[in-house]
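Note: the block below is work11.tsv and it holds TSV, C-alpha atoms and all ligand atoms.
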chain	number	residue	atom	x	y	z
U	822	MET	CA	54.46	125.63	-104.03
U	823	LYS	CA	56.27	128.49	-102.37
U	824	ARG	CA	60.02	128.54	-102.38
U	825	ALA	CA	60.58	128.40	-98.64
U	826	GLY	CA	58.22	125.48	-98.31
U	827	LEU	CA	59.90	123.46	-100.98
U	828	ALA	CA	63.35	124.16	-99.61
U	829	VAL	CA	62.23	122.68	-96.34
U	830	ILE	CA	60.52	119.60	-97.69
U	831	ALA	CA	62.85	118.75	-100.56
U	832	PRO	CA	65.45	117.03	-98.35
U	833	LEU	CA	62.70	115.17	-96.56
U	834	ILE	CA	61.21	113.97	-99.82
U	835	PHE	CA	64.57	112.67	-100.76
U	836	LEU	CA	65.34	111.10	-97.40
U	837	ALA	CA	62.18	109.08	-97.50
U	838	ALA	CA	62.99	108.09	-101.06
U	839	ALA	CA	66.53	106.92	-100.47
U	840	SER	CA	65.73	104.70	-97.57
U	841	ALA	CA	62.54	103.32	-99.08
U	842	GLN	CA	64.23	102.95	-102.47
U	843	GLU	CA	61.41	104.62	-104.26
U	844	ALA	CA	61.13	107.63	-106.53
U	845	PRO	CA	60.61	110.82	-104.56
U	846	PRO	CA	56.89	111.55	-104.54
U	847	GLY	CA	56.15	114.61	-106.58
U	848	ALA	CA	59.66	114.89	-107.99
U	849	THR	CA	60.11	114.77	-111.72
U	850	ARG	CA	62.00	111.62	-112.67
U	851	PRO	CA	65.65	112.40	-113.25
U	852	SER	CA	67.40	111.55	-116.50
U	853	PRO	CA	67.85	107.79	-117.03
U	854	ASN	CA	71.50	107.54	-116.10
U	855	ARG	CA	70.80	109.31	-112.83
U	856	GLY	CA	67.77	107.07	-112.34
U	857	GLY	CA	66.48	108.61	-109.09
U	858	PRO	CA	67.41	106.77	-105.98
U	859	PRO	CA	69.41	104.23	-107.88
U	860	GLN	CA	69.60	101.14	-105.76
U	861	ARG	CA	66.81	99.37	-107.52
U	862	GLY	CA	68.98	96.37	-108.32
U	863	GLY	CA	67.91	94.52	-105.21
U	864	PRO	CA	67.87	94.63	-101.45
U	865	ILE	CA	70.72	95.83	-99.26
U	866	VAL	CA	73.30	93.05	-98.93
U	867	LEU	CA	75.64	93.36	-95.98
U	868	ASN	CA	79.12	91.87	-95.85
U	869	ALA	CA	80.86	90.53	-92.75
U	870	ASP	CA	82.94	93.66	-92.30
U	871	ASP	CA	80.04	96.10	-92.74
U	872	VAL	CA	80.04	96.91	-89.04
U	873	PRO	CA	80.47	100.02	-86.89
U	874	ALA	CA	83.98	101.31	-86.33
U	875	PHE	CA	82.65	103.53	-83.53
U	876	PRO	CA	79.91	103.24	-80.93
U	877	GLU	CA	76.66	105.18	-81.13
U	878	PRO	CA	77.38	108.65	-79.71
U	879	PRO	CA	75.32	109.95	-76.80
U	880	ALA	CA	72.09	111.69	-77.84
U	881	GLU	CA	73.08	115.05	-76.36
U	882	ILE	CA	76.23	115.63	-78.42
U	883	ASN	CA	74.82	118.67	-80.17
U	884	VAL	CA	72.72	120.16	-77.40
U	885	VAL	CA	73.72	123.75	-76.59
U	886	LYS	CA	75.57	123.64	-73.27
U	887	ASP	CA	77.19	126.07	-70.90
U	888	VAL	CA	80.55	125.96	-72.63
U	889	PRO	CA	82.46	128.58	-74.65
U	890	HIS	CA	80.70	129.14	-77.96
U	891	GLY	CA	82.15	129.63	-81.38
U	892	ARG	CA	80.64	131.89	-83.99
U	893	LEU	CA	78.58	131.06	-87.04
U	894	GLU	CA	78.48	133.58	-89.84
U	895	MET	CA	76.97	133.62	-93.27
U	896	ILE	CA	79.37	135.21	-95.71
U	897	SER	CA	79.13	136.10	-99.40
U	898	TYR	CA	81.81	135.66	-102.01
U	899	ASP	CA	82.12	136.37	-105.69
U	900	SER	CA	82.37	133.08	-107.51
U	901	LYS	CA	84.24	133.59	-110.76
U	902	SER	CA	83.47	130.07	-111.89
U	903	VAL	CA	79.71	130.42	-111.39
U	904	GLY	CA	79.53	134.12	-112.24
U	905	ALA	CA	77.46	134.92	-109.19
U	906	THR	CA	77.67	136.10	-105.61
U	907	ARG	CA	77.27	132.99	-103.51
U	908	LYS	CA	76.95	132.21	-99.82
U	909	MET	CA	78.66	129.97	-97.36
U	910	GLN	CA	78.33	129.50	-93.64
U	911	VAL	CA	81.49	129.62	-91.56
U	912	TYR	CA	82.02	128.39	-88.00
U	913	THR	CA	84.96	129.83	-86.11
U	914	PRO	CA	85.85	128.21	-82.79
U	915	PRO	CA	85.52	129.94	-79.40
U	916	GLY	CA	88.44	132.28	-78.80
U	917	TYR	CA	89.17	132.57	-82.53
U	918	THR	CA	92.00	135.04	-82.97
U	919	THR	CA	94.12	136.21	-85.87
U	920	GLU	CA	97.12	135.53	-83.65
U	921	LYS	CA	96.67	131.84	-84.34
U	922	LYS	CA	96.20	129.90	-87.52
U	923	TYR	CA	93.53	127.23	-87.80
U	924	PRO	CA	92.92	124.14	-89.88
U	925	VAL	CA	89.78	124.13	-92.01
U	926	LEU	CA	87.15	121.47	-92.55
U	927	TYR	CA	85.01	121.99	-95.66
U	928	LEU	CA	81.64	120.28	-95.15
U	929	LEU	CA	79.42	119.58	-98.14
U	930	HIS	CA	75.64	119.08	-98.13
U	931	GLY	CA	73.26	116.73	-99.96
U	932	ILE	CA	71.19	117.03	-103.12
U	933	GLY	CA	68.25	118.72	-101.41
U	934	GLY	CA	70.37	121.03	-99.30
U	935	ASP	CA	72.30	124.27	-99.44
U	936	GLU	CA	74.74	126.22	-97.28
U	937	THR	CA	72.36	125.94	-94.32
U	938	GLU	CA	71.82	122.18	-94.41
U	939	TRP	CA	74.65	120.92	-92.22
U	940	GLN	CA	73.81	123.39	-89.52
U	941	ARG	CA	70.11	122.46	-89.66
U	942	PHE	CA	70.83	118.72	-89.67
U	943	ALA	CA	73.63	118.56	-87.13
U	944	LYS	CA	73.79	121.82	-85.14
U	945	VAL	CA	77.42	121.94	-86.14
U	946	ASP	CA	78.30	124.86	-83.89
U	947	ALA	CA	76.96	123.22	-80.71
U	948	LEU	CA	78.47	119.87	-81.63
U	949	LEU	CA	81.94	121.33	-82.12
U	950	ASP	CA	81.73	123.66	-79.12
U	951	ASN	CA	80.95	120.62	-76.94
U	952	LEU	CA	83.75	118.50	-78.39
U	953	LEU	CA	86.23	121.32	-77.97
U	954	ALA	CA	85.15	121.92	-74.36
U	955	ASP	CA	85.80	118.22	-73.72
U	956	GLY	CA	89.24	118.49	-75.32
U	957	LYS	CA	88.26	116.01	-78.01
U	958	ILE	CA	88.97	118.07	-81.11
U	959	VAL	CA	91.55	120.51	-82.35
U	960	PRO	CA	90.15	124.07	-82.69
U	961	MET	CA	89.14	124.32	-86.33
U	962	ILE	CA	87.20	126.45	-88.77
U	963	VAL	CA	84.31	124.70	-90.48
U	964	VAL	CA	83.10	125.97	-93.84
U	965	MET	CA	79.69	124.99	-95.17
U	966	PRO	CA	79.47	126.17	-98.76
U	967	ASN	CA	76.74	125.63	-101.35
U	968	GLY	CA	77.71	122.67	-103.52
U	969	ARG	CA	75.21	123.41	-106.27
U	970	ALA	CA	77.44	125.52	-108.51
U	971	GLN	CA	74.91	127.26	-110.69
U	972	LYS	CA	73.39	130.74	-110.77
U	973	ASN	CA	70.17	129.68	-109.07
U	974	ASP	CA	71.62	127.51	-106.34
U	975	ARG	CA	68.42	127.05	-104.34
U	976	PRO	CA	67.14	123.47	-103.96
U	977	GLU	CA	64.06	124.05	-106.07
U	978	GLY	CA	62.02	122.01	-108.50
U	979	ASN	CA	63.48	118.67	-109.52
U	980	ILE	CA	66.44	118.53	-107.17
U	981	TYR	CA	68.05	115.71	-109.20
U	982	ALA	CA	68.29	117.94	-112.26
U	983	ALA	CA	71.06	119.93	-110.53
U	984	ALA	CA	73.44	116.95	-110.44
U	985	PRO	CA	75.76	118.53	-113.07
U	986	ALA	CA	76.04	121.64	-110.90
U	987	PHE	CA	77.32	119.44	-108.06
U	988	ALA	CA	80.12	118.28	-110.39
U	989	ALA	CA	80.82	121.87	-111.44
U	990	PHE	CA	81.39	122.76	-107.79
U	991	GLU	CA	84.90	121.32	-108.02
U	992	LYS	CA	86.06	124.50	-109.76
U	993	ASP	CA	84.19	126.81	-107.39
U	994	LEU	CA	85.61	124.99	-104.37
U	995	LEU	CA	89.20	125.05	-105.54
U	996	GLU	CA	89.28	128.45	-107.23
U	997	ASP	CA	86.83	130.51	-105.23
U	998	VAL	CA	85.75	128.95	-101.91
U	999	VAL	CA	89.15	127.87	-100.57
U	1000	PRO	CA	90.95	131.06	-101.69
U	1001	THR	CA	88.19	133.22	-100.17
U	1002	ILE	CA	88.47	131.44	-96.82
U	1003	GLU	CA	92.25	131.64	-96.87
U	1004	ALA	CA	92.14	135.37	-97.64
U	1005	ARG	CA	89.54	136.26	-95.01
U	1006	TYR	CA	90.37	133.95	-92.10
U	1007	SER	CA	93.48	133.07	-90.20
U	1008	VAL	CA	94.14	129.60	-91.53
U	1009	GLN	CA	96.88	127.06	-91.99
U	1010	ALA	CA	96.83	127.03	-95.75
U	1011	ASP	CA	98.33	123.69	-96.65
U	1012	ARG	CA	97.05	120.22	-97.48
U	1013	GLU	CA	97.64	118.82	-94.02
U	1014	HIS	CA	95.32	121.44	-92.60
U	1015	ARG	CA	92.48	121.10	-95.10
U	1016	ALA	CA	89.80	118.45	-94.75
U	1017	LEU	CA	86.93	117.77	-97.12
U	1018	ALA	CA	83.88	115.78	-96.08
U	1019	GLY	CA	80.24	115.64	-96.95
U	1020	LEU	CA	76.95	113.84	-96.81
U	1021	SER	CA	75.37	111.98	-99.71
U	1022	MET	CA	75.84	114.16	-102.84
U	1023	GLY	CA	78.44	116.03	-100.75
U	1024	GLY	CA	80.05	112.71	-99.81
U	1025	GLY	CA	80.43	111.89	-103.49
U	1026	GLN	CA	81.84	115.36	-104.12
U	1027	SER	CA	84.31	114.98	-101.26
U	1028	LEU	CA	85.61	111.68	-102.57
U	1029	ASN	CA	85.68	112.89	-106.18
U	1030	PHE	CA	87.37	116.22	-105.51
U	1031	GLY	CA	89.44	115.31	-102.47
U	1032	LEU	CA	90.99	112.17	-103.89
U	1033	SER	CA	91.83	113.87	-107.18
U	1034	HIS	CA	93.44	116.79	-105.35
U	1035	LEU	CA	95.61	115.17	-102.74
U	1036	ASP	CA	97.87	118.19	-103.10
U	1037	VAL	CA	95.04	120.27	-101.60
U	1038	PHE	CA	93.33	117.94	-99.08
U	1039	ALA	CA	94.95	115.35	-96.83
U	1040	TRP	CA	91.77	114.38	-94.94
U	1041	VAL	CA	88.77	113.15	-96.90
U	1042	GLY	CA	85.41	111.77	-95.80
U	1043	GLY	CA	82.31	110.48	-97.58
U	1044	PHE	CA	79.21	109.91	-95.47
U	1045	SER	CA	76.38	108.00	-97.19
U	1046	SER	CA	77.95	108.89	-100.52
U	1047	ALA	CA	75.56	109.22	-103.46
U	1048	PRO	CA	75.78	107.85	-107.03
U	1049	ASN	CA	77.72	110.93	-108.12
U	1050	THR	CA	80.71	109.11	-106.55
U	1051	LYS	CA	83.12	108.09	-109.30
U	1052	PRO	CA	84.04	104.42	-109.68
U	1053	ALA	CA	86.67	103.45	-107.13
U	1054	ALA	CA	89.42	102.78	-109.67
U	1055	GLU	CA	88.90	106.29	-111.02
U	1056	LEU	CA	88.85	107.80	-107.53
U	1057	VAL	CA	92.09	106.11	-106.56
U	1058	PRO	CA	94.02	105.31	-109.74
U	1059	ASP	CA	97.32	105.23	-107.86
U	1060	PRO	CA	96.80	103.40	-104.55
U	1061	SER	CA	100.40	103.81	-103.44
U	1062	GLN	CA	100.23	107.58	-103.86
U	1063	ALA	CA	96.93	107.73	-101.99
U	1064	LYS	CA	98.43	105.62	-99.22
U	1065	GLU	CA	101.37	107.93	-98.92
U	1066	GLN	CA	99.51	111.24	-99.07
U	1067	LEU	CA	96.24	110.70	-97.27
U	1068	LYS	CA	96.21	111.40	-93.55
U	1069	LEU	CA	92.66	110.05	-93.32
U	1070	LEU	CA	90.18	108.50	-95.71
U	1071	TRP	CA	86.78	107.94	-94.19
U	1072	LEU	CA	83.88	106.01	-95.66
U	1073	ALA	CA	80.67	105.59	-93.74
U	1074	CYS	CA	77.13	104.54	-94.46
U	1075	GLY	CA	74.13	103.33	-92.53
U	1076	ASN	CA	73.17	99.72	-93.08
U	1077	LYS	CA	69.59	100.79	-93.81
U	1078	ASP	CA	70.60	103.23	-96.55
U	1079	GLY	CA	69.53	102.27	-100.07
U	1080	LEU	CA	72.73	103.92	-101.35
U	1081	ILE	CA	75.10	101.69	-99.34
U	1082	ARG	CA	76.28	99.83	-102.42
U	1083	ILE	CA	78.15	102.96	-103.54
U	1084	SER	CA	80.24	103.02	-100.36
U	1085	GLN	CA	80.64	99.24	-100.30
U	1086	GLY	CA	82.15	99.41	-103.80
U	1087	VAL	CA	84.72	101.99	-102.78
U	1088	HIS	CA	85.54	100.12	-99.57
U	1089	ALA	CA	86.03	96.81	-101.45
U	1090	TYR	CA	88.46	98.44	-103.85
U	1091	LEU	CA	90.44	100.19	-101.11
U	1092	LYS	CA	90.64	96.96	-99.17
U	1093	GLU	CA	91.86	95.07	-102.21
U	1094	LYS	CA	94.48	97.74	-102.90
U	1095	ASP	CA	95.52	98.01	-99.27
U	1096	VAL	CA	94.67	101.69	-98.91
U	1097	PRO	CA	94.09	102.39	-95.21
U	1098	HIS	CA	90.67	103.87	-94.51
U	1099	VAL	CA	87.96	104.05	-91.89
U	1100	TRP	CA	84.97	101.89	-92.79
U	1101	HIS	CA	82.08	102.69	-90.50
U	1102	VAL	CA	78.72	101.00	-91.09
U	1103	ASP	CA	76.18	101.67	-88.39
U	1104	GLY	CA	72.48	100.94	-88.07
U	1105	HIS	CA	71.11	104.19	-89.50
U	1106	ALA	CA	69.52	105.03	-92.84
U	1107	HIS	CA	70.00	108.02	-95.14
U	1108	ASP	CA	69.30	110.48	-92.39
U	1109	PRO	CA	70.57	113.43	-90.35
U	1110	ILE	CA	71.47	111.31	-87.30
U	1111	GLU	CA	73.88	109.35	-89.50
U	1112	TRP	CA	75.53	112.58	-90.65
U	1113	ARG	CA	75.61	114.19	-87.21
U	1114	ASN	CA	77.23	111.06	-85.76
U	1115	ASN	CA	79.80	110.90	-88.52
U	1116	LEU	CA	80.71	114.53	-88.02
U	1117	TYR	CA	81.10	113.78	-84.31
U	1118	TRP	CA	83.63	110.99	-84.93
U	1119	PHE	CA	85.29	112.41	-88.03
U	1120	SER	CA	86.01	115.78	-86.40
U	1121	GLN	CA	87.81	113.97	-83.56
U	1122	ARG	CA	90.15	112.28	-86.02
U	1123	VAL	CA	91.11	115.20	-88.25
U	1124	PHE	CA	94.14	117.45	-87.93
U	1125	ARG	CA	95.99	115.26	-85.46
L	1201	LIG	C1	70.66	109.58	-107.09
L	1201	LIG	C2	70.16	109.28	-105.84
L	1201	LIG	C3	70.50	110.07	-104.74
L	1201	LIG	C4	71.49	110.71	-107.23
L	1201	LIG	C5	71.80	111.48	-106.13
L	1201	LIG	C6	71.30	111.18	-104.89
L	1201	LIG	C7	72.73	112.06	-108.65
L	1201	LIG	C8	71.66	112.07	-103.79
L	1201	LIG	C9	71.14	112.05	-102.59
L	1201	LIG	C10	71.46	113.02	-101.53
L	1201	LIG	O1	72.31	113.89	-101.72
L	1201	LIG	O2	70.88	112.91	-100.44
L	1201	LIG	O3	70.39	108.87	-108.18
L	1201	LIG	O4	71.96	110.95	-108.47
How would this structure read if it were set down as structure tokens?
Amino acid sequence: MKRAGLAVIAPLIFLAAASAQEAPPGATRPSPNRGGPPQRGGPIVLNADDVPAFPEPPAEINVVKDVPHGRLEMISYDSKSVGATRKMQVYTPPGYTTEKKYPVLYLLHGIGGDETEWQRFAKVDALLDNLLADGKIVPMIVVMPNGRAQKNDRPEGNIYAAAPAFAAFEKDLLEDVVPTIEARYSVQADREHRALAGLSMGGGQSLNFGLSHLDVFAWVGGFSSAPNTKPAAELVPDPSQAKEQLKLLWLACGNKDGLIRISQGVHAYLKEKDVPHVWHVDGHAHDPIEWRNNLYWFSQRVFR
């Protein structure tokens, strides 16, 4: 199959797989401990508090409207940790000027995605332009890097085989992505002005990296987080420190997502340890509407 074709269908293969709880058709089975879509232990079991924290947003939230538009650019950077020139997509808000300094949201994609996935799934630029025009968000820069930290970072072949590269992205994010953004853009370079959030594999990365670097990120969100998410007690070994340092911890998952047990586990631990967090369980599955909606609500809560 040609490269472009696979890049387009790989996320779809996975999406169907995660919600149907079946192995992705045509994908090579991943190694046993990564067991493909992993929730084979039984059906989705919902608890009493697995309910929406927010209403369903209107359908037109990311339609391009007659409002001031920000700018999307694809930039390249030299990743020392990967040893390659890599790409990331950067949204700057309308009226962006070096006379001001902006907070930065780092948005991480899923296992079948790359630096273009968030924009394709959520029309991030239109969504944020509209929220800003309505006065619902703080002007912010949004960075969409490639979370597959390996030389060939295209979502090709068995997309599950790249799971280790998603773990390796921690170093690229902290040592190359963030410093590149802070050198090239006019940003508020401190923890209270850095947010880290992602979908699925990127949700797991955000929880893993964000919660272990509270000195770097004060706002952390996992949407439909995947099995790369560390066990909750490892994510938050010191609940009182997390409580003190986090400005926002956000966990969300659709109640039709075969991966919901991952998020439920983290939520149960945080609840037991009294760590304040948003717990948003809506009626979606492992799909782009879930991620678009979470970006809509999450972006309204960050940096304020
Ligand atoms: C897995 C099932 C799903 C897994 C990752 C995913 C690493 C990721 C899904 C996504 O990013 O959409 O077993 O193992």
### Task
For U:Glu1093, work out the shell of residues within 12 Å, counting only C-alpha atoms and skipping chain neighbours fewer than 3 positions away, then give it as an NGL selection string.
:U and (1053-1054 or 1057 or 1060 or 1086-1090 or 1096-1098)
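Ranking U:Ser1120, U:Gln1026, U:Ser1033, U:Asn1115 by their shortest atom-to-atom distance to ligand LIG 1201 (chain L), with only C-alpha atoms and all ligand atoms included, puts U:Gln1026 first.
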### Message
Counting all atoms listed in the file, find residues at most 12 Å from (90.2, 118.8, -77.5) (file frame) and give them as JSON, numbers by chain.
### Response
{"U": [914, 949, 950, 951, 952, 953, 954, 955, 956, 957, 958, 959, 960, 961, 1120, 1121, 1122, 1123, 1124, 1125]}
Let me know the centre plus edge lengths, in Å and rounded to one decimal, of a box with edges along x, y and z that contains all listed atoms of ligand LIG 1201 (chain L) and is padded by 5 Å on every side, as JSON.
{"center_x": 71.4, "center_y": 111.4, "center_z": -104.5, "size_x": 12.6, "size_y": 15.0, "size_z": 18.2}
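Between ligand LIG 1201 (chain L) and the candidates U:Gly1075, U:Gly1023, U:Pro1000, U:Gly978, the tightest atom-to-atom separation, counting only C-alpha atoms and all ligand atoms, involves U:Gly1023.
Near U:His930, within a cut-off of 8 Å and counting all atoms listed in the file, sit the residues Leu928, Ile932, Gly934, Asp935, Glu936, Glu938, Trp939, Met965, Asn967, Gly968, Gly1019, Leu1020, Ser1021, Met1022, Gly1023 and Gly1024 of chain U, with same-chain residues fewer than 2 positions away left out.
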Dump as a PDB file, in the coordinates of the input, selection limited to C-alpha atoms:
ATOM      1  CA  LEU U 928      81.640 120.280 -95.150  1.00  0.00           C
ATOM      2  CA  ILE U 932      71.190 117.030-103.120  1.00  0.00           C
ATOM      3  CA  GLY U 934      70.370 121.030 -99.300  1.00  0.00           C
ATOM      4  CA  ASP U 935      72.300 124.270 -99.440  1.00  0.00           C
ATOM      5  CA  GLU U 936      74.740 126.220 -97.280  1.00  0.00           C
ATOM      6  CA  GLU U 938      71.820 122.180 -94.410  1.00  0.00           C
ATOM      7  CA  TRP U 939      74.650 120.920 -92.220  1.00  0.00           C
ATOM      8  CA  MET U 965      79.690 124.990 -95.170  1.00  0.00           C
ATOM      9  CA  ASN U 967      76.740 125.630-101.350  1.00  0.00           C
ATOM     10  CA  GLY U 968      77.710 122.670-103.520  1.00  0.00           C
ATOM     11  CA  GLY U1019      80.240 115.640 -96.950  1.00  0.00           C
ATOM     12  CA  LEU U1020      76.950 113.840 -96.810  1.00  0.00           C
ATOM     13  CA  SER U1021      75.370 111.980 -99.710  1.00  0.00           C
ATOM     14  CA  MET U1022      75.840 114.160-102.840  1.00  0.00           C
ATOM     15  CA  GLY U1023      78.440 116.030-100.750  1.00  0.00           C
ATOM     16  CA  GLY U1024      80.050 112.710 -99.810  1.00  0.00           C
TER      17      GLY U1024
END
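Separating atom CA of U:Gly933 from atom CA of U:Gly1031 is a distance of 21.5 Å.
For the pair atom CA of U:Ala970 and atom CA of U:Ala986, the interatomic distance is 4.8 Å.
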### Residue nearest U:Gly916 among U:Ile896, U:Ser902, U:Phe942, U:Ile962 (counting all atoms listed in the file)
U:Ile962
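Nearest residue to U:Leu1080 among U:Ala905, U:Val964, U:Val872, U:Ala1106 is U:Ala1106, counting all atoms listed in the file.
Proximity of U:Val1037, U:Ala1010, U:Leu1069, U:Ala982 to ligand LIG 1201 (chain L), computed with all atoms listed in the file, is greatest for U:Ala982.
Distances from U:Gln1009, U:Asn1049, U:Trp1071, U:Pro889 to U:Ala988 were compared using all atoms listed in the file, and the smallest one belongs to U:Asn1049.
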#### Entry: Cut-off 7 Å around (78.1, 135.5, -90.2) with all atoms listed in the file: residues as number ranges by chain
U: 893-896, 910-911
### Task
Within 10 Å of U:Glu1055, counting all atoms listed in the file, which residues show up once you throw out same-chain ones fewer than 5 positions away? Write them as an NGL selection string, please.
:U and (1029 or 1032-1033 or 1050)
Saved selection, atoms kept: C-alpha atoms, as a PDB file, in the coordinates of the input:
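The result, written out as out.pdb:
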ATOM      1  CA  ASN U1029      85.680 112.890-106.180  1.00  0.00           C
ATOM      2  CA  LEU U1032      90.990 112.170-103.890  1.00  0.00           C
ATOM      3  CA  SER U1033      91.830 113.870-107.180  1.00  0.00           C
ATOM      4  CA  THR U1050      80.710 109.110-106.550  1.00  0.00           C
TER       5      THR U1050
END
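Reported to one decimal place, the separation of atom CA of U:Leu1017 from atom CA of U:Glu1065 is 17.6 Å.
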### Exercise: U:Asn883 partners within 7 Å, all atoms listed in the file, chain neighbours under 5 positions left out, as number ranges by chain
U: 944, 947-948
